[in-house]
Every structure is written in C-alpha cells, then in structure tokens.
file model_18.cif (mmCIF, C-alpha atoms)
data_structure
loop_
_atom_site.group_PDB
_atom_site.id
_atom_site.type_symbol
_atom_site.label_atom_id
_atom_site.label_comp_id
_atom_site.auth_asym_id
_atom_site.auth_seq_id
_atom_site.Cartn_x
_atom_site.Cartn_y
_atom_site.Cartn_z
ATOM 1 C CA MET J 278 -10.357 -7.927 -10.467
ATOM 2 C CA LYS J 279 -12.402 -4.710 -10.346
ATOM 3 C CA ASN J 280 -15.471 -6.730 -9.296
ATOM 4 C CA THR J 281 -13.441 -8.441 -6.566
ATOM 5 C CA LEU J 282 -12.172 -5.107 -5.240
ATOM 6 C CA LEU J 283 -15.692 -3.678 -5.280
ATOM 7 C CA ALA J 284 -16.989 -6.713 -3.370
ATOM 8 C CA LEU J 285 -14.216 -6.336 -0.764
ATOM 9 C CA ALA J 286 -14.935 -2.621 -0.366
ATOM 10 C CA LEU J 287 -18.684 -3.245 0.023
ATOM 11 C CA SER J 288 -17.985 -6.015 2.551
ATOM 12 C CA ALA J 289 -15.804 -3.667 4.585
ATOM 13 C CA ALA J 290 -18.484 -0.970 4.438
ATOM 14 C CA GLY J 291 -21.108 -3.513 5.496
ATOM 15 C CA LEU J 292 -19.009 -4.575 8.463
ATOM 16 C CA ALA J 293 -18.581 -0.945 9.447
ATOM 17 C CA MET J 294 -22.350 -0.457 9.463
ATOM 18 C CA ALA J 295 -22.956 -3.591 11.561
ATOM 19 C CA PRO J 296 -23.786 -3.185 15.254
ATOM 20 C CA VAL J 297 -20.733 -2.300 17.296
ATOM 21 C CA ILE J 298 -18.998 -5.408 18.619
ATOM 22 C CA GLY J 299 -17.066 -3.466 21.204
ATOM 23 C CA HIS J 300 -16.734 0.254 21.825
ATOM 24 C CA ALA J 301 -13.236 1.623 21.314
ATOM 25 C CA ASP J 302 -12.092 3.553 24.365
ATOM 26 C CA ALA J 303 -10.521 6.931 23.709
ATOM 27 C CA GLY J 304 -6.757 6.915 23.800
ATOM 28 C CA SER J 305 -6.467 3.134 23.537
ATOM 29 C CA ASN J 306 -4.874 2.967 20.068
ATOM 30 C CA GLY J 307 -1.310 3.006 21.408
ATOM 31 C CA GLY J 308 0.895 -0.085 21.582
ATOM 32 C CA PHE J 309 2.118 -2.800 19.229
ATOM 33 C CA PHE J 310 0.140 -3.596 16.077
ATOM 34 C CA VAL J 311 0.146 -5.893 13.067
ATOM 35 C CA ASN J 312 -1.843 -5.248 9.900
ATOM 36 C CA GLY J 313 -2.363 -6.656 6.441
ATOM 37 C CA ASN J 314 -3.988 -5.399 3.272
ATOM 38 C CA VAL J 315 -5.011 -6.690 -0.153
ATOM 39 C CA GLY J 316 -6.383 -4.874 -3.176
ATOM 40 C CA GLN J 317 -5.796 -3.651 -6.709
ATOM 41 C CA SER J 318 -2.414 -2.280 -7.730
ATOM 42 C CA SER J 319 -1.985 -0.126 -10.836
ATOM 43 C CA LEU J 320 0.965 0.966 -12.964
ATOM 44 C CA ASP J 321 0.424 3.579 -15.686
ATOM 45 C CA LYS J 322 3.885 4.732 -16.701
ATOM 46 C CA GLY J 323 5.899 4.533 -19.911
ATOM 47 C CA ALA J 324 5.276 1.224 -21.656
ATOM 48 C CA TYR J 325 2.884 -0.007 -18.933
ATOM 49 C CA ASN J 326 -0.804 0.520 -18.250
ATOM 50 C CA ASP J 327 -1.969 -2.503 -16.264
ATOM 51 C CA ASN J 328 -3.500 -3.669 -12.960
ATOM 52 C CA ASP J 329 -2.796 -6.621 -10.699
ATOM 53 C CA THR J 330 -3.522 -7.836 -7.178
ATOM 54 C CA GLY J 331 -1.255 -6.315 -4.547
ATOM 55 C CA TYR J 332 -0.859 -7.072 -0.872
ATOM 56 C CA GLY J 333 1.245 -6.141 2.118
ATOM 57 C CA ALA J 334 1.807 -6.617 5.848
ATOM 58 C CA ASN J 335 3.280 -4.377 8.559
ATOM 59 C CA ILE J 336 4.243 -4.528 12.201
ATOM 60 C CA GLY J 337 4.902 -1.530 14.376
ATOM 61 C CA TYR J 338 4.296 0.475 17.510
ATOM 62 C CA ARG J 339 2.201 3.609 18.173
ATOM 63 C CA TRP J 340 2.281 6.047 21.073
ATOM 64 C CA ALA J 341 -1.098 7.510 22.132
ATOM 65 C CA LEU J 342 -0.442 11.260 22.327
ATOM 66 C CA ASN J 343 -3.983 12.127 23.392
ATOM 67 C CA PRO J 344 -7.388 10.395 23.326
ATOM 68 C CA ASN J 345 -7.717 10.820 19.546
ATOM 69 C CA VAL J 346 -4.155 10.772 18.180
ATOM 70 C CA ALA J 347 -1.607 7.948 18.050
ATOM 71 C CA LEU J 348 1.697 8.241 16.142
ATOM 72 C CA GLY J 349 4.183 5.466 15.543
ATOM 73 C CA VAL J 350 6.693 3.560 13.444
ATOM 74 C CA GLU J 351 6.193 0.623 11.103
ATOM 75 C CA GLY J 352 8.074 -1.864 8.985
ATOM 76 C CA GLY J 353 6.790 -4.349 6.476
ATOM 77 C CA TYR J 354 6.669 -5.954 3.054
ATOM 78 C CA THR J 355 4.587 -5.116 -0.032
ATOM 79 C CA LYS J 356 4.131 -7.023 -3.296
ATOM 80 C CA LEU J 357 2.520 -4.882 -5.965
ATOM 81 C CA GLY J 358 2.358 -7.598 -8.603
ATOM 82 C CA SER J 359 3.235 -8.059 -12.270
ATOM 83 C CA PHE J 360 2.276 -5.633 -15.037
ATOM 84 C CA SER J 361 2.139 -6.388 -18.775
ATOM 85 C CA PRO J 362 3.484 -3.938 -21.364
ATOM 86 C CA ASN J 363 0.956 -1.841 -23.231
ATOM 87 C CA SER J 364 0.138 -3.403 -26.618
ATOM 88 C CA ASN J 365 0.574 0.029 -28.258
ATOM 89 C CA PHE J 366 4.341 -0.260 -27.766
ATOM 90 C CA ALA J 367 5.621 -2.384 -30.672
ATOM 91 C CA VAL J 368 9.219 -2.319 -29.430
ATOM 92 C CA PRO J 369 11.246 -5.548 -29.195
ATOM 93 C CA GLY J 370 12.502 -6.585 -25.794
ATOM 94 C CA LEU J 371 9.604 -5.347 -23.643
ATOM 95 C CA ARG J 372 9.051 -7.570 -20.595
ATOM 96 C CA ASN J 373 6.562 -7.650 -17.760
ATOM 97 C CA ALA J 374 7.253 -5.261 -14.902
ATOM 98 C CA GLU J 375 7.355 -6.508 -11.298
ATOM 99 C CA VAL J 376 7.529 -4.527 -8.059
ATOM 100 C CA GLU J 377 7.937 -5.761 -4.483
ATOM 101 C CA GLY J 378 9.925 -4.631 -1.500
ATOM 102 C CA TRP J 379 10.399 -3.657 2.133
ATOM 103 C CA ASN J 380 9.223 -0.491 3.825
ATOM 104 C CA VAL J 381 10.097 1.346 7.016
ATOM 105 C CA GLY J 382 8.391 4.548 8.070
ATOM 106 C CA VAL J 383 6.017 6.440 10.322
ATOM 107 C CA ASN J 384 2.243 6.251 10.679
ATOM 108 C CA GLY J 385 -0.650 7.941 12.411
ATOM 109 C CA HIS J 386 -4.102 6.851 13.599
ATOM 110 C CA PHE J 387 -6.499 9.779 14.139
ATOM 111 C CA ASN J 388 -9.966 9.135 15.605
ATOM 112 C CA VAL J 389 -12.635 11.548 14.350
ATOM 113 C CA THR J 390 -15.249 9.762 16.506
ATOM 114 C CA PRO J 391 -14.718 7.046 19.136
ATOM 115 C CA ASN J 392 -14.861 4.381 16.384
ATOM 116 C CA TRP J 393 -14.173 6.069 13.003
ATOM 117 C CA TYR J 394 -10.607 7.008 12.142
ATOM 118 C CA VAL J 395 -8.404 8.393 9.381
ATOM 119 C CA SER J 396 -4.813 7.252 8.936
ATOM 120 C CA ALA J 397 -1.614 8.356 7.229
ATOM 121 C CA ARG J 398 1.742 6.689 6.606
ATOM 122 C CA GLY J 399 4.981 7.246 4.754
ATOM 123 C CA GLY J 400 8.668 6.446 4.652
ATOM 124 C CA LEU J 401 11.412 4.593 2.792
ATOM 125 C CA PHE J 402 10.504 1.894 0.247
ATOM 126 C CA ARG J 403 13.363 -0.406 -0.805
ATOM 127 C CA GLY J 404 11.849 -2.028 -3.851
ATOM 128 C CA ASP J 405 13.017 -4.781 -6.162
ATOM 129 C CA ILE J 406 12.131 -3.358 -9.561
ATOM 130 C CA LYS J 407 11.994 -5.229 -12.865
ATOM 131 C CA GLY J 408 10.807 -3.765 -16.130
ATOM 132 C CA SER J 409 11.628 -2.156 -19.445
ATOM 133 C CA TYR J 410 11.715 1.354 -20.787
ATOM 134 C CA VAL J 411 11.747 2.624 -24.342
ATOM 135 C CA VAL J 412 14.447 5.041 -25.519
ATOM 136 C CA ASP J 413 13.033 5.402 -29.047
ATOM 137 C CA ALA J 414 10.978 3.324 -31.467
ATOM 138 C CA ALA J 415 14.058 2.357 -33.485
ATOM 139 C CA SER J 416 15.903 0.789 -30.513
ATOM 140 C CA PRO J 417 15.101 -2.312 -28.453
ATOM 141 C CA ALA J 418 13.689 -1.741 -24.984
ATOM 142 C CA VAL J 419 16.144 -1.453 -22.098
ATOM 143 C CA TYR J 420 15.522 -4.021 -19.344
ATOM 144 C CA VAL J 421 16.265 -3.193 -15.694
ATOM 145 C CA ASN J 422 16.429 -5.656 -12.771
ATOM 146 C CA ASP J 423 17.701 -3.756 -9.741
ATOM 147 C CA THR J 424 16.843 -2.242 -6.352
ATOM 148 C CA SER J 425 15.387 1.238 -5.879
ATOM 149 C CA ASN J 426 15.527 3.215 -2.623
ATOM 150 C CA LYS J 427 12.762 5.811 -2.821
ATOM 151 C CA TYR J 428 9.601 6.382 -0.787
ATOM 152 C CA TYR J 429 5.985 5.429 -0.136
ATOM 153 C CA ALA J 430 3.049 7.456 1.197
ATOM 154 C CA GLY J 431 -0.536 6.604 1.942
ATOM 155 C CA ALA J 432 -3.811 7.576 3.590
ATOM 156 C CA GLY J 433 -6.966 5.787 4.586
ATOM 157 C CA PHE J 434 -10.029 5.647 6.769
ATOM 158 C CA GLY J 435 -11.723 2.930 8.724
ATOM 159 C CA TYR J 436 -13.609 1.669 11.731
ATOM 160 C CA ASP J 437 -12.330 0.524 15.139
ATOM 161 C CA PHE J 438 -14.533 -2.394 16.209
ATOM 162 C CA SER J 439 -12.778 -2.514 19.558
ATOM 163 C CA ASN J 440 -9.560 -1.414 21.216
ATOM 164 C CA ASN J 441 -7.807 -4.249 19.368
ATOM 165 C CA LEU J 442 -9.418 -4.641 15.939
ATOM 166 C CA SER J 443 -10.085 -2.323 12.997
ATOM 167 C CA VAL J 444 -10.774 -2.506 9.258
ATOM 168 C CA GLY J 445 -10.069 0.164 6.677
ATOM 169 C CA LEU J 446 -9.868 1.290 3.068
ATOM 170 C CA ASN J 447 -6.487 2.683 1.959
ATOM 171 C CA TYR J 448 -4.631 4.341 -0.895
ATOM 172 C CA ASP J 449 -0.826 3.923 -1.070
ATOM 173 C CA TYR J 450 1.633 5.408 -3.587
ATOM 174 C CA TYR J 451 5.116 3.984 -4.235
ATOM 175 C CA LYS J 452 7.971 5.769 -5.999
ATOM 176 C CA LEU J 453 10.754 3.762 -7.670
ATOM 177 C CA ASN J 454 13.566 4.921 -9.929
ATOM 178 C CA LYS J 455 16.651 3.002 -11.018
ATOM 179 C CA ASP J 456 18.931 2.973 -14.070
ATOM 180 C CA GLY J 457 16.495 5.006 -16.186
ATOM 181 C CA LEU J 458 13.412 3.001 -15.171
ATOM 182 C CA ASN J 459 10.946 5.321 -13.429
ATOM 183 C CA PHE J 460 7.831 3.732 -11.861
ATOM 184 C CA ASP J 461 5.105 5.037 -9.556
ATOM 185 C CA PRO J 462 2.612 2.219 -8.890
ATOM 186 C CA ASP J 463 -0.251 2.639 -6.445
ATOM 187 C CA LEU J 464 -2.445 0.324 -4.418
ATOM 188 C CA VAL J 465 -6.099 0.671 -3.359
ATOM 189 C CA SER J 466 -6.716 -1.907 -0.651
ATOM 190 C CA VAL J 467 -8.861 -3.186 2.181
ATOM 191 C CA SER J 468 -6.962 -3.679 5.442
ATOM 192 C CA ALA J 469 -7.361 -5.247 8.851
ATOM 193 C CA GLU J 470 -5.323 -4.358 11.932
ATOM 194 C CA TYR J 471 -4.878 -6.023 15.289
ATOM 195 C CA ARG J 472 -3.459 -4.084 18.253
ATOM 196 C CA PHE J 473 -2.097 -5.719 21.401
#

call {"tool": "encode", "arguments": {"input": "model_18.cif", "output": "structure tokens"}}
result
Amino acid sequence: MKNTLLALALSAAGLAMAPVIGHADAGSNGGFFVNGNVGQSSLDKGAYNDNDTGYGANIGYRWALNPNVALGVEGGYTKLGSFSPNSNFAVPGLRNAEVEGWNVGVNGHFNVTPNWYVSARGGLFRGDIKGSYVVDAASPAVYVNDTSNKYYAGAGFGYDFSNNLSVGLNYDYYKLNKDGLNFDPDLVSVSAEYRF
C-alpha cells in the first residue's frame, strides 16, 4: 500500500509540473464543487496499529471573498477502512476495527499563486465505529459497535489546472469516541476536485 500511495503522490506531482492546461483566473474558485480522494488511512491507538486504504467524497459550495480566497461549506462521506488488532495484545475477544461515516463542515481554498493553492477543512464527523478496547490483561476485550459524533480537520495543497479542475495532496484527522472506545484515525490522500 505504501508503494501505491507513493506512486499516486508522484503522479500528482508529475501532473502539477506538466504544462498548464488552462490558466486559473483569480477569484474564480467560488461556486459549487464536488471532490473525491483516495489514500492510506492509519490507526495507531490502543490495541491497533494498522493501515488500510481510505477514500471519501464531498459536495459543497464556496464563496469567492477576494481573488485569492474562497470559503464555503461541504458535506460528504468517508470510509477509513478496517484495522487489525496489534499482535502484541494477547487478549481474547479483540476484533478488527472499522470506521466510516458522514461529515458536514466548512472549507477554504487559498491561492498562493494563480494556480497553486493551500486548503483547510473541518467540522462534524458522524462516524460508525466498530472495535475493541482492553481494560486489563486479565479481562476479555470490550467490543463496541456504535455511532460517534465528534469532529474532523484537515489541510492540503494542490494545483488548479483551470477554473474548474484541481488536484491535491491532503492530510485529514478524524476523532471518534464512544462507550470507552477512543479512536483518532488519519488519512493521507490524493484528491481531485471539479468546480461548476
């Protein structure tokens, strides 16, 4: 998976260095958008230290506040994958952890040049959380299958090929906590966005 993520990141960087397909006009990043991302998710908490493939998709709207700044709202779905328990935990009852859910929040697109941008996002993450936690080595693991209402936050950078199309590299953090199970998976991903 690490080789796949590296290949995706290098492909995105190569695309960014390619000749400009269309020049992004200043202040044109406002309006409706749809984006998707795929990459490597990680969970290193309690009985888990594992990676998987994660992906997500969002729709939203941004208002162009000036030629370089657009702020907006978004909603979407993220699946962070399945994580195996760490083999160092010899406690009966440990099961794979799974995280997926819906998000709603705010986002920003900030052009540092006419084509290069940085981005930020954050808001509420309503996640379906499954997994186990260990109370002590003498007791079986406690399994949780419930819904957590916490938050997500992320940042990234990328390249606007035109007024409508961009690619980026992102880091997103998700916080989940329910019935004693406390997770904080993250996702490093390559994204593509279309604005219309």

call {"tool": "residues_near_point", "arguments": {"input": "model_18.cif", "point": "(3.6, 5.5, -16.5)", "cutoff": "12 Å", "atoms": "only C-alpha atoms", "output": "compact mmCIF listing (two decimals) with C-alpha atoms, in the frame of the given file"}}
result
# COMPACT_ATOMS: atom_id res chain seq x y z
CA SER J 319 -1.98 -0.13 -10.84
CA LEU J 320 0.96 0.97 -12.96
CA ASP J 321 0.42 3.58 -15.69
CA LYS J 322 3.88 4.73 -16.70
CA GLY J 323 5.90 4.53 -19.91
CA ALA J 324 5.28 1.22 -21.66
CA TYR J 325 2.88 -0.01 -18.93
CA ASN J 326 -0.80 0.52 -18.25
CA ASP J 327 -1.97 -2.50 -16.26
CA PHE J 360 2.28 -5.63 -15.04
CA PRO J 362 3.48 -3.94 -21.36
CA ASN J 363 0.96 -1.84 -23.23
CA ALA J 374 7.25 -5.26 -14.90
CA GLY J 408 10.81 -3.76 -16.13
CA SER J 409 11.63 -2.16 -19.44
CA TYR J 410 11.72 1.35 -20.79
CA VAL J 411 11.75 2.62 -24.34
CA LYS J 452 7.97 5.77 -6.00
CA LEU J 453 10.75 3.76 -7.67
CA ASN J 454 13.57 4.92 -9.93
CA LEU J 458 13.41 3.00 -15.17
CA ASN J 459 10.95 5.32 -13.43
CA PHE J 460 7.83 3.73 -11.86
CA ASP J 461 5.11 5.04 -9.56
CA PRO J 462 2.61 2.22 -8.89
CA ASP J 463 -0.25 2.64 -6.44

call {"tool": "atom_distance", "arguments": {"input": "model_18.cif", "atom1": "CA of Thr355 (chain J)", "atom2": "CA of Gly385 (chain J)"}}
result
18.8 Å

call {"tool": "atom_distance", "arguments": {"input": "model_18.cif", "atom1": "CA of Phe402 (chain J)", "atom2": "CA of Phe434 (chain J)"}}
result
21.9 Å

call {"tool": "closest_residue", "arguments": {"input": "model_18.cif", "among": "J:Ser468, J:Ser416, J:Ser425, J:Asn388", "to": "Leu401 (chain J)", "atoms": "all atoms listed in the file"}}
result
J:Ser425

call {"tool": "resolve_selection", "arguments": {"input": "model_18.cif", "expression": "the PyMOL selection byres ((chain J and resi 331) around 12)", "output": "ChimeraX atom specification"}}
result
/J:278,282,313-320,328-330,332-334,354-360,375-378,448-449,462-468

call {"tool": "build_atoms", "arguments": {"input": "model_18.cif", "residues": "region 351-367 of chain J", "atoms": "N, CA and C atoms", "output": "PDB file, in the frame of the given file"}}
result
ATOM      1  N   GLU J 351       6.621   1.879  11.705  1.00  0.00           N
ATOM      2  CA  GLU J 351       6.193   0.623  11.103  1.00  0.00           C
ATOM      3  C   GLU J 351       7.277   0.085  10.193  1.00  0.00           C
ATOM      4  N   GLY J 352       7.220  -1.210   9.957  1.00  0.00           N
ATOM      5  CA  GLY J 352       8.074  -1.864   8.985  1.00  0.00           C
ATOM      6  C   GLY J 352       7.303  -3.017   8.377  1.00  0.00           C
ATOM      7  N   GLY J 353       7.551  -3.283   7.091  1.00  0.00           N
ATOM      8  CA  GLY J 353       6.790  -4.349   6.476  1.00  0.00           C
ATOM      9  C   GLY J 353       7.226  -4.667   5.061  1.00  0.00           C
ATOM     10  N   TYR J 354       6.403  -5.448   4.397  1.00  0.00           N
ATOM     11  CA  TYR J 354       6.669  -5.954   3.054  1.00  0.00           C
ATOM     12  C   TYR J 354       5.442  -5.715   2.179  1.00  0.00           C
ATOM     13  N   THR J 355       5.669  -5.329   0.922  1.00  0.00           N
ATOM     14  CA  THR J 355       4.587  -5.116  -0.032  1.00  0.00           C
ATOM     15  C   THR J 355       4.935  -5.772  -1.361  1.00  0.00           C
ATOM     16  N   LYS J 356       3.981  -6.481  -1.940  1.00  0.00           N
ATOM     17  CA  LYS J 356       4.131  -7.023  -3.296  1.00  0.00           C
ATOM     18  C   LYS J 356       3.040  -6.399  -4.145  1.00  0.00           C
ATOM     19  N   LEU J 357       3.466  -5.604  -5.126  1.00  0.00           N
ATOM     20  CA  LEU J 357       2.520  -4.882  -5.965  1.00  0.00           C
ATOM     21  C   LEU J 357       2.122  -5.650  -7.211  1.00  0.00           C
ATOM     22  N   GLY J 358       2.799  -6.733  -7.522  1.00  0.00           N
ATOM     23  CA  GLY J 358       2.358  -7.598  -8.603  1.00  0.00           C
ATOM     24  C   GLY J 358       3.180  -7.497  -9.867  1.00  0.00           C
ATOM     25  N   SER J 359       2.591  -8.006 -10.956  1.00  0.00           N
ATOM     26  CA  SER J 359       3.235  -8.059 -12.270  1.00  0.00           C
ATOM     27  C   SER J 359       2.362  -7.306 -13.268  1.00  0.00           C
ATOM     28  N   PHE J 360       2.990  -6.501 -14.111  1.00  0.00           N
ATOM     29  CA  PHE J 360       2.276  -5.633 -15.037  1.00  0.00           C
ATOM     30  C   PHE J 360       2.754  -5.893 -16.460  1.00  0.00           C
ATOM     31  N   SER J 361       1.809  -6.113 -17.370  1.00  0.00           N
ATOM     32  CA  SER J 361       2.139  -6.388 -18.775  1.00  0.00           C
ATOM     33  C   SER J 361       2.381  -5.092 -19.531  1.00  0.00           C
ATOM     34  N   PRO J 362       3.267  -5.135 -20.542  1.00  0.00           N
ATOM     35  CA  PRO J 362       3.484  -3.938 -21.364  1.00  0.00           C
ATOM     36  C   PRO J 362       2.231  -3.597 -22.164  1.00  0.00           C
ATOM     37  N   ASN J 363       2.062  -2.330 -22.424  1.00  0.00           N
ATOM     38  CA  ASN J 363       0.956  -1.841 -23.231  1.00  0.00           C
ATOM     39  C   ASN J 363       1.121  -2.337 -24.665  1.00  0.00           C
ATOM     40  N   SER J 364       0.056  -2.853 -25.257  1.00  0.00           N
ATOM     41  CA  SER J 364       0.138  -3.403 -26.618  1.00  0.00           C
ATOM     42  C   SER J 364       0.419  -2.332 -27.663  1.00  0.00           C
ATOM     43  N   ASN J 365       0.274  -1.057 -27.314  1.00  0.00           N
ATOM     44  CA  ASN J 365       0.574   0.029 -28.258  1.00  0.00           C
ATOM     45  C   ASN J 365       2.069   0.200 -28.490  1.00  0.00           C
ATOM     46  N   PHE J 366       2.892  -0.379 -27.626  1.00  0.00           N
ATOM     47  CA  PHE J 366       4.341  -0.260 -27.766  1.00  0.00           C
ATOM     48  C   PHE J 366       4.873  -1.473 -28.533  1.00  0.00           C
ATOM     49  N   ALA J 367       5.110  -1.290 -29.828  1.00  0.00           N
ATOM     50  CA  ALA J 367       5.621  -2.384 -30.672  1.00  0.00           C
ATOM     51  C   ALA J 367       7.138  -2.305 -30.721  1.00  0.00           C
TER      52      ALA J 367
END
